[in-house]
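All remarks here apply to the structure that follows.
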Amino acid sequence: MPSHLSTDQLAELRVALAAQRDELKRQLEGQLGDVSRVEHARELIEKDVDDAAQQDSERDIDQIRTEQMMADFAAITLALERMDRSDFGLCRDCGEPIEFLRLRARPWVVSCVRCQTAREQTQGRHTATI
Ligand SMILES: [Zn+2]
C-alpha cells in the first residue's frame, strides 16, 4: 500500500473511481443512439481540452468527447488495477507521491502536478498550432 495514503483514503478513492467508471461506461454505451448526454460529457471535455479545440464543429466535439471518454475510462480502469498492485498514487514520471487532494479530485491521474503541467504545456502547443 502506498505509504502516503491511508486505508480510508484509498477506500474513498476506490469508490470514486468505481462510480466514475460506471458513469463513463453508461455514457459510452448510450452514446451511439443518445445525444442527450452531450452536456455532461462536454463538462468533462472542458476540463481537459484547450479553448481552441472547443471552437470546432459539433462533429469534432463528438469525436473529441468519445476519445476523451474512452481515454478516461481506460485511465480509471488502470487506476483501479494499480490499486491492486500497490503502485497507485505514485507519479508515473518522477515516482513522487501524488497529493491526496489531487487524487480525490481526479483519482485516475498518474502524474504529480509538476509532471502533468509539463505534459499539458506540450500538448497545448500541439493543438494550438492548428
Ligand atoms: Zn512527477
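Residue names in the C-alpha cells use chain letters A, B, ... in the order shown, residue numbers from 1 in each chain, and ligand numbers from 1 in the order shown.
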Residues at most 9 Å from Glu96 of chain A, counting only C-alpha atoms, excluding those fewer than 5 positions away in the same chain, as an MDAnalysis selection string?
-> chainID A and resid 89:91 111:112
Return as CSV the residues of chain A lying at most 10 Å from ligand 1, together with the closest atom-to-atom pair for each and the distance in Å to one decimal, counting only C-alpha atoms and all ligand atoms, with rows in chain order and ascending residue number.
```
residue,atom,partner,partner_atom_place_in_ligand_line,distance
A:Leu90,CA,ligand 1,1 (Zn),8.0
A:Cys91,CA,ligand 1,1 (Zn),4.7
A:Arg92,CA,ligand 1,1 (Zn),6.5
A:Asp93,CA,ligand 1,1 (Zn),4.9
A:Cys94,CA,ligand 1,1 (Zn),4.1
A:Gly95,CA,ligand 1,1 (Zn),6.1
A:Glu96,CA,ligand 1,1 (Zn),5.8
A:Pro97,CA,ligand 1,1 (Zn),8.0
A:Ile98,CA,ligand 1,1 (Zn),7.7
A:Val110,CA,ligand 1,1 (Zn),8.5
A:Ser111,CA,ligand 1,1 (Zn),5.1
A:Cys112,CA,ligand 1,1 (Zn),4.2
A:Val113,CA,ligand 1,1 (Zn),6.8
A:Arg114,CA,ligand 1,1 (Zn),5.8
A:Cys115,CA,ligand 1,1 (Zn),4.4
A:Gln116,CA,ligand 1,1 (Zn),7.2
A:Thr117,CA,ligand 1,1 (Zn),9.5
A:Ala118,CA,ligand 1,1 (Zn),9.5
```
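Going from atom CA of Gln31 of chain A over to atom CA of Arg104 of chain A, you cover 27.0 Å.
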Quick one: of A:Pro107, A:Glu67, A:Glu29, A:Leu24, who's nearest to Met83 of chain A, counting only C-alpha atoms?
-> A:Pro107
Could you give me, as a list in words, the residues within 9 Å of Arg21 of chain A, counting only C-alpha atoms and dropping anything in the same chain fewer than 6 positions from it?
->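 The residues satisfying every condition are Asp72, Phe73, Ala74, Ile76 and Thr77 of chain A.
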Do you have the atom CA of Glu58 of chain A-atom CA of Gln123 of chain A distance handy?
-> 21.6 Å
Report the distance between atom CA of Leu103 of chain A and atom CA of His4 of chain A in Å, rounded to one decimal place.
-> 11.7 Å
Residue contacts of Ser6 of chain A (12 Å, only C-alpha atoms) excluding same-chain residues fewer than 5 positions away, as a list in words = Met1, Ala11, Glu12, Leu13, Gly89 and Phe100 of chain A
Hey, can you spit out that residue selection with N, CA and C atoms as an mmCIF file, in the first residue's frame?
```
data_model
loop_
_atom_site.group_PDB
_atom_site.id
_atom_site.type_symbol
_atom_site.label_atom_id
_atom_site.label_comp_id
_atom_site.auth_asym_id
_atom_site.auth_seq_id
_atom_site.Cartn_x
_atom_site.Cartn_y
_atom_site.Cartn_z
ATOM 1 N N MET A 1 0.848 -1.201 0.000
ATOM 2 C CA MET A 1 0.000 0.000 0.000
ATOM 3 C C MET A 1 0.883 1.249 0.000
ATOM 4 N N ALA A 11 -9.748 3.707 0.218
ATOM 5 C CA ALA A 11 -11.115 3.215 0.059
ATOM 6 C C ALA A 11 -11.996 4.274 -0.585
ATOM 7 N N GLU A 12 -11.823 5.523 -0.157
ATOM 8 C CA GLU A 12 -12.612 6.612 -0.719
ATOM 9 C C GLU A 12 -12.318 6.766 -2.217
ATOM 10 N N LEU A 13 -11.049 6.690 -2.560
ATOM 11 C CA LEU A 13 -10.673 6.854 -3.963
ATOM 12 C C LEU A 13 -11.185 5.685 -4.799
ATOM 13 N N GLY A 89 -1.097 5.998 -6.846
ATOM 14 C CA GLY A 89 -0.822 7.233 -6.125
ATOM 15 C C GLY A 89 0.603 7.724 -6.246
ATOM 16 N N PHE A 100 -2.990 13.663 -1.930
ATOM 17 C CA PHE A 100 -4.316 13.065 -1.798
ATOM 18 C C PHE A 100 -5.403 13.982 -2.362
#
```
Near Leu28 of chain A, counting only C-alpha atoms, which residues have an atom at most 8 Å away, once you skip same-chain residues fewer than 5 positions from it, shown as a ChimeraX atom specification?
-> /A:66,69-70
Output for the residues just chosen: N, CA and C atoms as an mmCIF file, in the first residue's frame:
```
data_model
loop_
_atom_site.group_PDB
_atom_site.id
_atom_site.type_symbol
_atom_site.label_atom_id
_atom_site.label_comp_id
_atom_site.auth_asym_id
_atom_site.auth_seq_id
_atom_site.Cartn_x
_atom_site.Cartn_y
_atom_site.Cartn_z
ATOM 1 N N THR A 66 -15.849 11.447 -27.482
ATOM 2 C CA THR A 66 -15.730 9.994 -27.457
ATOM 3 C C THR A 66 -14.321 9.568 -27.088
ATOM 4 N N MET A 69 -13.649 10.316 -23.438
ATOM 5 C CA MET A 69 -14.334 9.392 -22.547
ATOM 6 C C MET A 69 -13.662 8.030 -22.552
ATOM 7 N N MET A 70 -13.247 7.588 -23.724
ATOM 8 C CA MET A 70 -12.574 6.295 -23.789
ATOM 9 C C MET A 70 -11.232 6.351 -23.082
#
```
Point out the residue among A:Gln121, A:Glu23, A:Trp108, A:Ala16 with the least atom-to-atom distance to Ala71 of chain A, counting only C-alpha atoms.
->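 That would be A:Trp108, the residue with the smallest distance to Ala71 of chain A.
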